[in-house]
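Dumped upload24.cif below, it's mmCIF, C-alpha atoms:
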```
data_input
#
loop_
_atom_site.label_atom_id
_atom_site.label_comp_id
_atom_site.auth_asym_id
_atom_site.auth_seq_id
_atom_site.Cartn_x
_atom_site.Cartn_y
_atom_site.Cartn_z
CA MET A 836 -36.22 -1.31 -8.44
CA ASN A 837 -33.77 1.61 -8.52
CA SER A 838 -33.11 2.41 -12.18
CA GLN A 839 -29.33 2.27 -11.65
CA ILE A 840 -29.59 -1.19 -10.07
CA LEU A 841 -31.69 -2.30 -13.03
CA LYS A 842 -29.09 -0.89 -15.42
CA LEU A 843 -26.34 -2.77 -13.57
CA TYR A 844 -28.39 -5.98 -13.72
CA ASN A 845 -29.03 -5.63 -17.45
CA LYS A 846 -25.38 -4.90 -18.22
CA ALA A 847 -24.27 -7.91 -16.20
CA GLN A 848 -26.61 -10.09 -18.31
CA LYS A 849 -25.07 -9.04 -21.63
CA ASN A 850 -23.22 -11.61 -23.73
CA GLU A 851 -20.38 -9.16 -24.23
CA ARG A 852 -19.29 -6.24 -22.05
CA LEU A 853 -16.95 -3.29 -22.53
CA ILE A 854 -14.97 -2.79 -19.31
CA ILE A 855 -12.29 -0.19 -18.69
CA GLY A 856 -9.54 -1.49 -16.41
CA LEU A 857 -7.40 1.07 -14.58
CA MET A 858 -4.04 0.75 -12.87
CA SER A 859 -1.86 3.35 -11.17
CA GLY A 860 1.15 1.71 -9.59
CA THR A 861 3.97 2.67 -7.28
CA SER A 862 5.96 4.16 -10.16
CA MET A 863 3.32 6.90 -10.47
CA ASP A 864 4.15 7.49 -14.12
CA GLY A 865 0.50 7.70 -15.11
CA LEU A 866 -2.85 5.94 -15.26
CA ASP A 867 -2.97 2.79 -17.39
CA ILE A 868 -6.33 2.68 -19.17
CA ALA A 869 -7.29 -0.57 -20.90
CA LEU A 870 -10.58 -0.81 -22.78
CA CYS A 871 -11.46 -4.50 -22.82
CA LYS A 872 -14.13 -6.55 -24.57
CA VAL A 873 -15.13 -9.34 -22.20
CA LYS A 874 -17.25 -12.41 -22.86
CA GLY A 875 -18.20 -15.10 -20.38
CA ALA A 876 -16.84 -15.49 -16.88
CA GLY A 877 -14.81 -17.94 -14.82
CA ALA A 878 -12.97 -20.54 -16.89
CA GLU A 879 -14.92 -19.36 -19.95
CA THR A 880 -13.60 -15.79 -19.75
CA ASP A 881 -12.60 -14.39 -23.14
CA ILE A 882 -10.98 -10.96 -22.98
CA LYS A 883 -9.50 -8.77 -25.69
CA VAL A 884 -7.81 -5.39 -25.29
CA ILE A 885 -9.52 -3.02 -27.74
CA LYS A 886 -7.66 0.16 -26.80
CA PHE A 887 -4.86 1.00 -24.38
CA LYS A 888 -3.02 4.10 -23.31
CA THR A 889 -1.25 5.52 -20.29
CA GLY A 890 -2.69 8.87 -19.26
CA ASP A 891 0.37 10.83 -18.20
CA TYR A 892 0.53 12.50 -14.80
CA THR A 893 1.82 16.04 -14.53
CA ASP A 894 4.87 16.64 -12.33
CA ASP A 895 2.66 18.66 -9.99
CA PHE A 896 0.15 15.82 -9.60
CA ARG A 897 2.93 13.28 -9.06
CA THR A 898 4.41 15.51 -6.34
CA LYS A 899 1.04 15.70 -4.61
CA ILE A 900 0.74 11.89 -4.57
CA LYS A 901 4.27 11.52 -3.21
CA ALA A 902 3.34 13.82 -0.31
CA VAL A 903 0.96 11.12 1.03
CA PHE A 904 2.71 8.03 -0.36
CA SER A 905 4.30 5.28 1.71
CA THR A 906 4.97 7.36 4.83
CA ARG A 907 3.78 6.86 8.40
CA GLU A 908 3.61 10.56 9.15
CA VAL A 909 1.30 12.44 6.85
CA ASP A 910 -1.10 15.38 6.76
CA LEU A 911 -4.48 13.68 7.29
CA GLN A 912 -6.36 16.54 5.65
CA LEU A 913 -4.20 16.09 2.55
CA VAL A 914 -4.98 12.35 2.48
CA CYS A 915 -8.67 13.21 2.67
CA LEU A 916 -8.42 15.73 -0.15
CA MET A 917 -6.24 13.50 -2.34
CA ASN A 918 -8.83 10.72 -2.13
CA GLU A 919 -11.18 12.93 -4.09
CA HIS A 920 -8.53 14.71 -6.17
CA ILE A 921 -7.01 11.49 -7.53
CA ALA A 922 -10.47 10.23 -8.48
CA ASN A 923 -11.26 13.47 -10.31
CA VAL A 924 -7.96 13.35 -12.23
CA HIS A 925 -8.54 9.70 -13.13
CA ALA A 926 -12.05 10.49 -14.33
CA GLU A 927 -10.71 13.30 -16.50
CA LEU A 928 -8.08 10.99 -18.01
CA ILE A 929 -10.76 8.37 -18.73
CA ASN A 930 -13.03 10.93 -20.39
CA ASN A 931 -10.11 12.20 -22.48
CA ALA A 932 -9.26 8.66 -23.58
CA LEU A 933 -12.87 7.95 -24.58
CA ARG A 934 -12.98 11.12 -26.68
CA GLU A 935 -9.67 10.19 -28.31
CA TRP A 936 -10.94 6.68 -29.09
CA GLY A 937 -14.33 7.85 -30.35
CA TYR A 938 -16.44 6.32 -27.57
CA LYS A 939 -19.13 7.86 -25.39
CA SER A 940 -19.70 6.99 -21.75
CA LYS A 941 -22.96 5.20 -22.65
CA ASP A 942 -20.91 2.77 -24.78
CA ILE A 943 -18.97 1.54 -21.75
CA ASP A 944 -20.53 -0.92 -19.33
CA PHE A 945 -18.19 -0.71 -16.35
CA ILE A 946 -14.98 0.79 -15.01
CA ALA A 947 -12.65 -1.25 -12.77
CA SER A 948 -10.44 1.10 -10.77
CA HIS A 949 -7.52 -0.08 -8.67
CA GLY A 950 -6.97 3.39 -7.19
CA GLN A 951 -3.61 4.60 -5.91
CA THR A 952 -1.97 2.64 -3.12
CA ILE A 953 -0.56 5.05 -0.56
CA PHE A 954 0.28 2.55 2.18
CA HIS A 955 0.50 -1.22 2.36
CA ALA A 956 0.82 -2.70 5.85
CA PRO A 957 0.62 -6.48 6.10
CA LYS A 958 1.04 -7.80 9.62
CA SER A 959 4.40 -9.24 8.60
CA LEU A 960 5.59 -5.65 8.15
CA HIS A 961 3.84 -3.68 10.92
CA LYS A 962 4.11 -6.47 13.56
CA ILE A 963 1.66 -4.68 15.87
CA GLU A 964 -0.30 -7.03 18.12
CA ASP A 965 -4.10 -6.96 17.89
CA TYR A 966 -4.04 -5.27 14.46
CA PRO A 967 -4.84 -7.08 11.20
CA ASN A 968 -3.29 -6.83 7.74
CA GLY A 969 -3.92 -3.40 6.25
CA THR A 970 -3.72 -1.58 2.95
CA LEU A 971 -5.06 1.75 1.66
CA GLN A 972 -5.88 2.75 -1.90
CA ILE A 973 -7.35 6.19 -2.56
CA GLY A 974 -9.17 7.65 -5.55
CA ASP A 975 -12.82 7.24 -4.60
CA GLY A 976 -15.03 5.15 -6.91
CA ASP A 977 -18.13 7.30 -6.44
CA HIS A 978 -16.32 10.32 -7.83
CA ILE A 979 -15.16 8.36 -10.88
CA ALA A 980 -18.69 7.01 -11.47
CA VAL A 981 -20.31 10.43 -11.22
CA LYS A 982 -17.68 12.25 -13.31
CA THR A 983 -17.71 9.65 -16.11
CA GLY A 984 -21.34 8.51 -15.92
CA ILE A 985 -20.15 4.87 -15.84
CA ILE A 986 -20.81 2.26 -13.14
CA THR A 987 -17.49 1.83 -11.33
CA LEU A 988 -16.01 -0.99 -9.25
CA SER A 989 -13.14 -0.04 -6.96
CA ASP A 990 -11.32 -0.76 -3.70
CA PHE A 991 -10.72 -4.40 -4.66
CA ARG A 992 -8.12 -5.15 -2.01
CA GLN A 993 -10.34 -4.68 1.05
CA LYS A 994 -12.38 -7.86 0.47
CA HIS A 995 -9.12 -9.79 0.17
CA LEU A 996 -8.08 -8.45 3.60
CA ALA A 997 -11.49 -9.13 5.10
CA ALA A 998 -11.33 -12.75 3.95
CA GLY A 999 -7.92 -13.33 5.51
CA GLY A 1000 -5.52 -12.34 2.73
CA GLU A 1001 -2.89 -9.58 2.77
CA GLY A 1002 -4.57 -7.51 0.05
CA ALA A 1003 -1.89 -8.42 -2.49
CA PRO A 1004 -0.93 -9.67 -4.91
CA LEU A 1005 -4.30 -10.08 -6.61
CA ALA A 1006 -2.83 -11.18 -9.92
CA VAL A 1007 -3.49 -14.86 -9.20
CA TYR A 1008 -7.23 -14.44 -9.82
CA GLY A 1009 -6.93 -12.86 -13.24
CA ASP A 1010 -3.81 -14.77 -14.30
CA TYR A 1011 -5.58 -18.08 -13.68
CA LEU A 1012 -8.58 -17.12 -15.82
CA ILE A 1013 -6.67 -15.49 -18.68
CA PHE A 1014 -3.37 -17.30 -19.01
CA SER A 1015 -3.68 -20.89 -17.75
CA LYS A 1016 -3.07 -23.56 -20.38
CA LYS A 1017 -3.40 -27.31 -19.95
CA GLY A 1018 -0.06 -29.11 -20.24
CA GLU A 1019 2.04 -25.94 -19.86
CA ASP A 1020 3.61 -24.72 -16.60
CA ARG A 1021 3.79 -20.93 -16.68
CA ILE A 1022 5.21 -18.20 -14.47
CA MET A 1023 3.53 -14.82 -14.95
CA LEU A 1024 6.23 -12.39 -13.78
CA ASN A 1025 5.20 -8.78 -13.29
CA ILE A 1026 8.07 -6.38 -12.66
CA GLY A 1027 6.46 -3.17 -11.47
CA GLY A 1028 7.62 -1.13 -8.51
CA ILE A 1029 7.44 -4.41 -6.62
CA ALA A 1030 8.08 -7.68 -8.46
CA ASN A 1031 5.57 -10.51 -8.14
CA PHE A 1032 4.75 -13.70 -9.96
CA THR A 1033 1.91 -16.17 -10.33
CA TYR A 1034 2.60 -19.86 -10.90
CA LEU A 1035 0.12 -21.51 -13.25
CA PRO A 1036 0.51 -25.30 -13.38
CA GLY A 1037 -0.21 -27.17 -16.58
CA THR A 1038 -2.49 -29.45 -14.57
CA LEU A 1039 -4.87 -26.47 -14.15
CA SER A 1040 -5.20 -27.54 -10.51
CA VAL A 1041 -6.14 -24.57 -8.32
CA SER A 1042 -4.53 -26.35 -5.38
CA GLU A 1043 -1.10 -25.77 -6.97
CA ILE A 1044 -1.56 -22.15 -8.07
CA PHE A 1045 -0.10 -19.34 -6.03
CA SER A 1046 0.91 -15.71 -6.40
CA THR A 1047 3.48 -13.84 -4.34
CA ASP A 1048 5.50 -10.67 -4.10
CA VAL A 1049 9.22 -11.42 -4.22
CA GLY A 1050 10.86 -8.06 -3.51
CA PRO A 1051 11.72 -4.82 -5.28
CA GLY A 1052 11.28 -4.53 -9.01
CA ASN A 1053 11.82 -0.94 -10.12
CA THR A 1054 11.00 0.95 -6.92
CA LEU A 1055 14.49 1.33 -5.44
CA MET A 1056 16.08 2.12 -8.80
CA ASP A 1057 13.40 4.68 -9.58
CA GLN A 1058 13.59 6.32 -6.14
CA TYR A 1059 17.39 6.56 -6.33
CA ILE A 1060 17.57 7.96 -9.84
CA GLN A 1061 14.87 10.54 -9.09
CA GLN A 1062 16.81 11.71 -6.05
CA HIS A 1063 20.31 11.80 -7.56
CA PHE A 1064 19.97 12.19 -11.33
CA ASN A 1065 16.83 14.33 -11.72
CA LEU A 1066 15.39 11.68 -14.05
CA PHE A 1067 12.13 9.77 -13.67
CA TYR A 1068 13.70 6.40 -14.42
CA ASP A 1069 16.89 4.88 -15.87
CA LYS A 1070 15.92 4.61 -19.54
CA ASN A 1071 17.44 1.53 -21.16
CA ALA A 1072 19.47 1.06 -17.94
CA GLU A 1073 22.00 3.55 -19.30
CA ILE A 1074 23.21 4.67 -15.88
CA ALA A 1075 23.20 1.18 -14.34
CA LEU A 1076 25.18 -0.13 -17.31
CA SER A 1077 27.80 2.57 -16.77
CA GLY A 1078 28.40 1.33 -13.21
CA LYS A 1079 29.52 -1.98 -11.77
CA LEU A 1080 28.18 -4.37 -9.18
CA ASN A 1081 29.35 -3.87 -5.57
CA GLU A 1082 29.15 -7.29 -3.91
CA LYS A 1083 29.37 -5.92 -0.37
CA LEU A 1084 26.37 -3.65 -0.91
CA LEU A 1085 24.43 -6.41 -2.67
CA ASN A 1086 24.94 -8.78 0.25
CA ALA A 1087 23.78 -6.11 2.69
CA LEU A 1088 20.66 -5.45 0.61
CA LEU A 1089 19.86 -9.16 0.57
CA ASN A 1090 20.16 -9.40 4.36
CA CYS A 1091 16.47 -8.97 5.20
CA ASP A 1092 13.95 -11.16 7.03
CA PHE A 1093 11.45 -10.67 4.21
CA PHE A 1094 13.47 -12.92 1.90
CA GLU A 1095 13.51 -15.74 4.46
CA GLY A 1096 9.71 -15.95 4.74
CA GLY A 1097 7.61 -18.47 2.86
CA PHE A 1098 5.17 -17.82 0.02
CA PRO A 1099 2.77 -16.18 -0.52
CA LYS A 1100 3.80 -12.85 0.99
CA THR A 1101 3.50 -9.18 0.18
CA THR A 1102 5.66 -6.11 0.51
CA GLY A 1103 6.00 -2.58 -0.81
CA PRO A 1104 8.03 0.64 -0.78
CA GLU A 1105 7.13 0.88 2.90
CA LEU A 1106 10.05 -1.55 3.33
CA PHE A 1107 12.10 -1.18 0.16
CA ASN A 1108 12.87 2.52 0.06
CA LEU A 1109 15.85 4.87 0.19
CA GLU A 1110 16.12 4.47 3.95
CA TYR A 1111 16.57 0.73 3.38
CA LEU A 1112 19.37 1.50 0.91
CA VAL A 1113 21.09 3.98 3.27
CA LYS A 1114 21.11 1.40 6.08
CA ALA A 1115 22.54 -1.23 3.74
CA GLN A 1116 25.31 1.15 2.65
CA GLN A 1117 26.13 1.96 6.25
CA LYS A 1118 26.29 -1.74 7.20
CA SER A 1119 28.52 -2.53 4.21
CA SER A 1120 30.66 0.65 4.45
CA THR A 1121 29.82 1.50 0.84
CA GLU A 1122 28.63 5.09 1.32
CA GLU A 1123 31.42 6.40 -0.93
CA ILE A 1124 30.89 4.25 -4.01
CA SER A 1125 29.76 6.00 -7.18
CA LYS A 1126 26.11 6.63 -7.85
CA GLU A 1127 26.45 4.62 -11.05
CA ASP A 1128 27.72 1.65 -9.03
CA VAL A 1129 24.75 2.01 -6.68
CA MET A 1130 22.37 1.88 -9.65
CA ALA A 1131 24.11 -1.17 -11.08
CA THR A 1132 23.93 -2.90 -7.69
CA LEU A 1133 20.23 -2.07 -7.24
CA CYS A 1134 19.52 -3.65 -10.62
CA HIS A 1135 21.44 -6.77 -9.58
CA PHE A 1136 19.49 -6.74 -6.30
CA SER A 1137 16.15 -6.88 -8.12
CA ALA A 1138 17.41 -9.62 -10.44
CA GLU A 1139 18.78 -11.63 -7.52
CA THR A 1140 15.58 -11.47 -5.47
CA ILE A 1141 13.39 -12.42 -8.45
CA SER A 1142 15.59 -15.32 -9.54
CA ASN A 1143 16.10 -16.55 -5.97
CA ALA A 1144 12.33 -16.66 -5.44
CA ILE A 1145 11.78 -18.66 -8.63
CA LYS A 1146 14.58 -21.08 -7.67
CA LYS A 1147 13.16 -21.40 -4.17
CA CYS A 1148 9.87 -22.54 -5.65
CA PHE A 1149 11.05 -24.62 -8.60
CA GLY A 1150 14.66 -25.59 -7.86
CA ASN A 1151 18.03 -24.27 -8.96
CA ASP A 1152 17.53 -25.68 -12.45
CA ALA A 1153 14.09 -24.14 -12.87
CA ALA A 1154 13.02 -24.67 -16.47
CA ALA A 1155 9.83 -22.66 -16.68
CA GLN A 1156 8.17 -20.46 -19.25
CA VAL A 1157 8.37 -16.98 -17.77
CA PHE A 1158 5.96 -14.44 -19.25
CA MET A 1159 7.01 -10.91 -18.28
CA SER A 1160 4.98 -7.74 -17.89
CA GLY A 1161 5.46 -4.39 -16.16
CA GLY A 1162 8.00 -1.61 -16.59
CA GLY A 1163 10.96 -3.74 -15.53
CA MET A 1164 10.69 -5.87 -18.67
CA HIS A 1165 11.95 -2.80 -20.59
CA ASN A 1166 15.17 -2.70 -18.52
CA PRO A 1167 17.75 -4.54 -20.68
CA LEU A 1168 20.23 -5.06 -17.85
CA LEU A 1169 17.60 -6.50 -15.51
CA VAL A 1170 16.29 -8.87 -18.18
CA SER A 1171 19.77 -10.03 -19.20
CA LEU A 1172 20.64 -10.72 -15.55
CA LEU A 1173 17.45 -12.76 -15.09
CA LYS A 1174 18.23 -14.83 -18.18
CA ALA A 1175 21.76 -15.46 -16.91
CA LYS A 1176 20.53 -16.47 -13.43
CA LEU A 1177 17.79 -18.73 -14.82
CA PRO A 1178 19.51 -20.25 -17.87
CA HIS A 1179 17.09 -23.15 -18.22
CA SER A 1180 14.00 -20.94 -18.33
CA THR A 1181 12.44 -19.36 -21.40
CA PHE A 1182 11.63 -15.65 -21.17
CA LEU A 1183 8.68 -14.29 -23.11
CA THR A 1184 6.19 -11.47 -22.56
CA THR A 1185 2.41 -11.48 -22.30
CA ASP A 1186 2.45 -10.13 -25.88
CA ASP A 1187 3.05 -13.75 -26.81
CA LEU A 1188 -0.31 -14.49 -25.15
CA ASN A 1189 -2.09 -11.61 -26.94
CA ILE A 1190 -2.13 -9.22 -23.98
CA ASN A 1191 -0.07 -6.04 -24.15
CA PRO A 1192 2.40 -6.43 -21.24
CA ASP A 1193 2.11 -2.75 -20.33
CA ALA A 1194 -1.67 -3.14 -20.11
CA LYS A 1195 -1.68 -6.40 -18.18
CA GLU A 1196 -2.28 -5.04 -14.66
CA ALA A 1197 -5.17 -2.84 -15.84
CA VAL A 1198 -6.64 -5.82 -17.71
CA LEU A 1199 -6.49 -7.93 -14.55
CA PHE A 1200 -8.76 -5.49 -12.74
CA ALA A 1201 -11.22 -5.59 -15.62
CA VAL A 1202 -11.28 -9.37 -15.13
CA LEU A 1203 -11.81 -9.02 -11.38
CA ALA A 1204 -14.74 -6.67 -12.00
CA ASN A 1205 -16.21 -9.05 -14.55
CA GLU A 1206 -16.09 -11.91 -12.02
CA THR A 1207 -17.83 -9.82 -9.36
CA LEU A 1208 -20.61 -8.88 -11.76
CA CYS A 1209 -20.99 -11.98 -13.89
CA GLY A 1210 -19.12 -14.85 -12.27
CA ASN A 1211 -18.61 -16.59 -8.96
CA PRO A 1212 -15.68 -16.89 -6.58
CA ILE A 1213 -13.01 -19.26 -7.87
CA ASN A 1214 -12.73 -22.08 -5.36
CA PHE A 1215 -9.14 -22.02 -4.14
CA GLY A 1216 -10.13 -24.17 -1.16
CA GLU A 1217 -8.44 -23.24 2.10
CA ARG A 1218 -5.30 -21.89 0.47
CA GLN A 1219 -3.43 -19.48 2.75
CA GLY A 1220 -3.47 -15.97 1.32
CA VAL A 1221 -5.78 -16.89 -1.57
CA PRO A 1222 -9.37 -16.56 -0.32
CA SER A 1223 -12.16 -17.73 -2.62
CA ILE A 1224 -13.92 -14.41 -3.14
CA CYS A 1225 -15.13 -11.80 -5.61
CA MET A 1226 -13.84 -8.28 -5.05
CA GLY A 1227 -14.72 -4.65 -5.64
CA LYS A 1228 -17.21 -2.12 -4.29
CA ILE A 1229 -19.86 -0.91 -6.74
CA SER A 1230 -20.45 2.81 -7.28
CA LEU A 1231 -23.44 4.05 -9.27
CA PRO A 1232 -23.24 7.28 -11.28
CA GLU A 1233 -26.68 8.56 -10.17
#
```

Is it possible to express this structure as structure tokens?
Amino acid sequence: MNSQILKLYNKAQKNERLIIGLMSGTSMDGLDIALCKVKGAGAETDIKVIKFKTGDYTDDFRTKIKAVFSTREVDLQLVCLMNEHIANVHAELINNALREWGYKSKDIDFIASHGQTIFHAPKSLHKIEDYPNGTLQIGDGDHIAVKTGIITLSDFRQKHLAAGGEGAPLAVYGDYLIFSKKGEDRIMLNIGGIANFTYLPGTLSVSEIFSTDVGPGNTLMDQYIQQHFNLFYDKNAEIALSGKLNEKLLNALLNCDFFEGGFPKTTGPELFNLEYLVKAQQKSSTEEISKEDVMATLCHFSAETISNAIKKCFGNDAAAQVFMSGGGMHNPLLVSLLKAKLPHSTFLTTDDLNINPDAKEAVLFAVLANETLCGNPINFGERQGVPSICMGKISLPE
């Protein structure tokens, strides 16, 4: 037997594994690195975050990602080169984190790398006959494995596509294993660039669970503020709070077929981008309103689409426990709007469930890797968009 295969086998047999989960989202602020201690698998999964940090991206690196991000016309050579370059940068950030935390590569059993999404193209968006759902994450797993010396699982979304899903959101798999609790209905709301939630019924019935994207979280606000204010994001919603809601623009933003579709569904900045905003302003004749008013309205737009989706699923008087994670939970205006629109719901964060909310997405990929190596596919039956699969390609360091 190949010695690396034997090593993989032996690690998968351990009672307890150290797995590094990685996440680099559409905000491109950095690489979330979560060092997790994992025991068991499936319904017996026990996971604890031992260390967490976000490895910051340089402005130059962020600019390079943006050059190939979410655009139909792109330099193919640059895409090819960035596949390797992103992996090398991620490997360097992992190695730096391990040194900072006092670990060596031999101490770590596996890495679970999401990669960097550069284009997401479900059929509902591209609408091209004879072509399937598509998505592309770059940051090659082999390069990470070789540069860190750690067995790496990556490219999780492709199996989801192959089995009939849209490649997103994948949160349902990890959310079910980590956060389900008998007798308690929970909504796991992640407000990243795109907002999505997983519904976890207190019955623990997999036939009732689902996960869906609902629309923009931070992506439009971040894109707009980067273009017009030379800031990376609207810290503490200071700019949005200085503006006021424009109802005409909000109504134009809400006028989109995506919001009429059923659940589950996926989307991305391929739809919700500055071009989408410009068209909405043109349709509503709001091109001359202040930039502060645009920011305020974009925040209301995110709050409206999130709350509307929850009401669509659970009724206008939805009284759920909503556990937040992602960058949007730090936006005080967005959170206050959600609380006002869903007055019967209780808003908490995954901190209340012993998982750092900023680390949650990285932790989920550690769980997905653990299931591929040590578990079995969760049986979701014939649920549309939720295939019963394990995900992730395995890369060996030698």

Just want the 12 Å neighbourhood of His1063 of chain A, counted on all atoms listed in the file, with same-chain residues fewer than 4 positions away dropped. Output as an MDAnalysis selection string. chainID A and resid 1056:1059 1067:1069 1074 1109 1125:1127 1129:1130

Just write the chosen residues, C-alpha atoms, as a PDB file, in the coordinates of the input.
```
ATOM      1  CA  MET A1056      16.080   2.120  -8.800  1.00  0.00           C
ATOM      2  CA  ASP A1057      13.400   4.680  -9.580  1.00  0.00           C
ATOM      3  CA  GLN A1058      13.590   6.320  -6.140  1.00  0.00           C
ATOM      4  CA  TYR A1059      17.390   6.560  -6.330  1.00  0.00           C
ATOM      5  CA  PHE A1067      12.130   9.770 -13.670  1.00  0.00           C
ATOM      6  CA  TYR A1068      13.700   6.400 -14.420  1.00  0.00           C
ATOM      7  CA  ASP A1069      16.890   4.880 -15.870  1.00  0.00           C
ATOM      8  CA  ILE A1074      23.210   4.670 -15.880  1.00  0.00           C
ATOM      9  CA  LEU A1109      15.850   4.870   0.190  1.00  0.00           C
ATOM     10  CA  SER A1125      29.760   6.000  -7.180  1.00  0.00           C
ATOM     11  CA  LYS A1126      26.110   6.630  -7.850  1.00  0.00           C
ATOM     12  CA  GLU A1127      26.450   4.620 -11.050  1.00  0.00           C
ATOM     13  CA  VAL A1129      24.750   2.010  -6.680  1.00  0.00           C
ATOM     14  CA  MET A1130      22.370   1.880  -9.650  1.00  0.00           C
TER      15      MET A1130
END
```

Reference answer for the PyMOL selection byres ((chain A and resi 1033) around 10), as a ChimeraX atom specification: /A:1004-1011,1021-1025,1031-1032,1034-1036,1044-1048,1099,1157-1158

Given the choices A:Ile868, A:Ile943, A:Leu1084, A:Leu857, which gets closest to Gly976 of chain A if the distance is worked out from all atoms listed in the file?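 Going through A:Ile868, A:Ile943, A:Leu1084, A:Leu857 one by one, the smallest distance to Gly976 of chain A is for A:Leu857.
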
Can you tell me which residues surround Leu1133 of chain A at a distance of at most 10 Å, considering all atoms listed in the file, apart from same-chain residues fewer than 5 positions away, and format the answer as a list of chain:residue names?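 My list of contacting residues is A:Pro1051, A:Gly1052, A:Asn1053, A:Thr1054, A:Leu1055, A:Met1056, A:Asp1057, A:Tyr1059, A:Ala1075, A:Leu1080, A:Asn1081, A:Leu1084, A:Leu1085, A:Leu1088, A:Leu1112, A:Glu1127, A:Asp1128, A:Ala1138, A:Glu1139, A:Leu1169.
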
Shortest interatomic distance to Gly1002 of chain A - which of A:Leu1199, A:Leu971, A:Ile1124, A:Ile840, counting all atoms listed in the file: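 Distance minimum relative to Gly1002 of chain A lands on A:Leu971.
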
Interatomic distance (Å, one decimal) between atom CA of Ile946 of chain A and atom CA of Ile854 of chain A: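 Interatomic distance, atom CA of Ile946 of chain A to atom CA of Ile854 of chain A: 5.6 Å.
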
Quick one: residues within 10 Å of Asp1186 of chain A, all atoms listed in the file, excluding same-chain residues fewer than 3 positions away - as a list in words? Phe1158, Met1159, Ser1160, Leu1183, Asn1189, Ile1190, Asn1191, Pro1192, Asp1193, Ala1194 and Lys1195 of chain A

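Using only C-alpha atoms for every distance, the candidate list A:Thr906, A:Gln848, A:Gln839, A:Ser859 yields A:Ser859 as the residue closest to Thr889 of chain A.
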
Please compute the atom CA of Thr1102 of chain A-atom CA of Lys1070 of chain A distance, one decimal, in Å.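 Atom-to-atom, atom CA of Thr1102 of chain A and atom CA of Lys1070 of chain A are spaced 24.9 Å apart.
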
What separation in Å, quoted to one decimal, exists between atom CA of Asp894 of chain A and atom CA of Gln912 of chain A? 21.2 Å

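Residues matching the PyMOL selection byres ((chain A and resi 1217) around 12) in this structure come to A:Ala998, A:Gly999, A:Gly1000, A:Val1041, A:Ser1042, A:Glu1043, A:Ile1213, A:Asn1214, A:Phe1215, A:Gly1216, A:Arg1218, A:Gln1219, A:Gly1220, A:Val1221, A:Pro1222, A:Ser1223, A:Ile1224.
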
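Residue nearest Glu1019 of chain A within the list A:Ala1155, A:Ile882, A:Ile1141, A:Leu1076: A:Ala1155 [criterion: smallest interatomic distance, all atoms listed in the file].
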
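Of the residues under consideration (A:Ala1204, A:Ala1072, A:Ile900, A:Leu1231), A:Ala1072 shows the shortest atom-to-atom contact distance to Val1170 of chain A when counting all atoms listed in the file.
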
With only C-alpha atoms as the basis for distance, which of A:Ser1180, A:Asn1090, A:Asn1166, A:Thr987 is at the shortest distance from Lys1146 of chain A?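 Under the stated criterion, the closest residue is A:Ser1180.
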
Output of the PyMOL selection byres ((chain A and resi 954) around 8), listed as a ChimeraX atom specification: /A:904-906,952-953,955-956,970-972,1105

Those residues with C-alpha atoms, as an mmCIF file, keeping the file's coordinate frame please?
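Contents of again.cif, as written:
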```
data_model
loop_
_atom_site.group_PDB
_atom_site.id
_atom_site.type_symbol
_atom_site.label_atom_id
_atom_site.label_comp_id
_atom_site.auth_asym_id
_atom_site.auth_seq_id
_atom_site.Cartn_x
_atom_site.Cartn_y
_atom_site.Cartn_z
ATOM 1 C CA PHE A 904 2.710 8.030 -0.360
ATOM 2 C CA SER A 905 4.300 5.280 1.710
ATOM 3 C CA THR A 906 4.970 7.360 4.830
ATOM 4 C CA THR A 952 -1.970 2.640 -3.120
ATOM 5 C CA ILE A 953 -0.560 5.050 -0.560
ATOM 6 C CA HIS A 955 0.500 -1.220 2.360
ATOM 7 C CA ALA A 956 0.820 -2.700 5.850
ATOM 8 C CA THR A 970 -3.720 -1.580 2.950
ATOM 9 C CA LEU A 971 -5.060 1.750 1.660
ATOM 10 C CA GLN A 972 -5.880 2.750 -1.900
ATOM 11 C CA GLU A 1105 7.130 0.880 2.900
#
```

Could I see segment 955-959 of chain A restored to N, CA, C and O atoms, set down as a PDB file, in the coordinates of the input?
```pdb
ATOM      1  N   HIS A 955       0.799   0.205   2.272  1.00  0.00           N
ATOM      2  CA  HIS A 955       0.500  -1.220   2.360  1.00  0.00           C
ATOM      3  C   HIS A 955       1.142  -1.751   3.638  1.00  0.00           C
ATOM      4  O   HIS A 955       2.352  -1.613   3.829  1.00  0.00           O
ATOM      5  N   ALA A 956       0.336  -2.326   4.523  1.00  0.00           N
ATOM      6  CA  ALA A 956       0.820  -2.700   5.850  1.00  0.00           C
ATOM      7  C   ALA A 956       0.359  -4.095   6.253  1.00  0.00           C
ATOM      8  O   ALA A 956      -0.489  -4.265   7.130  1.00  0.00           O
ATOM      9  N   PRO A 957       0.920  -5.139   5.617  1.00  0.00           N
ATOM     10  CA  PRO A 957       0.620  -6.480   6.100  1.00  0.00           C
ATOM     11  C   PRO A 957       1.177  -6.666   7.507  1.00  0.00           C
ATOM     12  O   PRO A 957       2.128  -5.982   7.907  1.00  0.00           O
ATOM     13  N   LYS A 958       0.606  -7.567   8.242  1.00  0.00           N
ATOM     14  CA  LYS A 958       1.040  -7.800   9.620  1.00  0.00           C
ATOM     15  C   LYS A 958       2.512  -8.178   9.685  1.00  0.00           C
ATOM     16  O   LYS A 958       3.217  -7.843  10.638  1.00  0.00           O
ATOM     17  N   SER A 959       3.000  -8.855   8.639  1.00  0.00           N
ATOM     18  CA  SER A 959       4.400  -9.240   8.600  1.00  0.00           C
ATOM     19  C   SER A 959       5.326  -8.028   8.584  1.00  0.00           C
ATOM     20  O   SER A 959       6.498  -8.117   8.960  1.00  0.00           O
TER      21      SER A 959
END
```
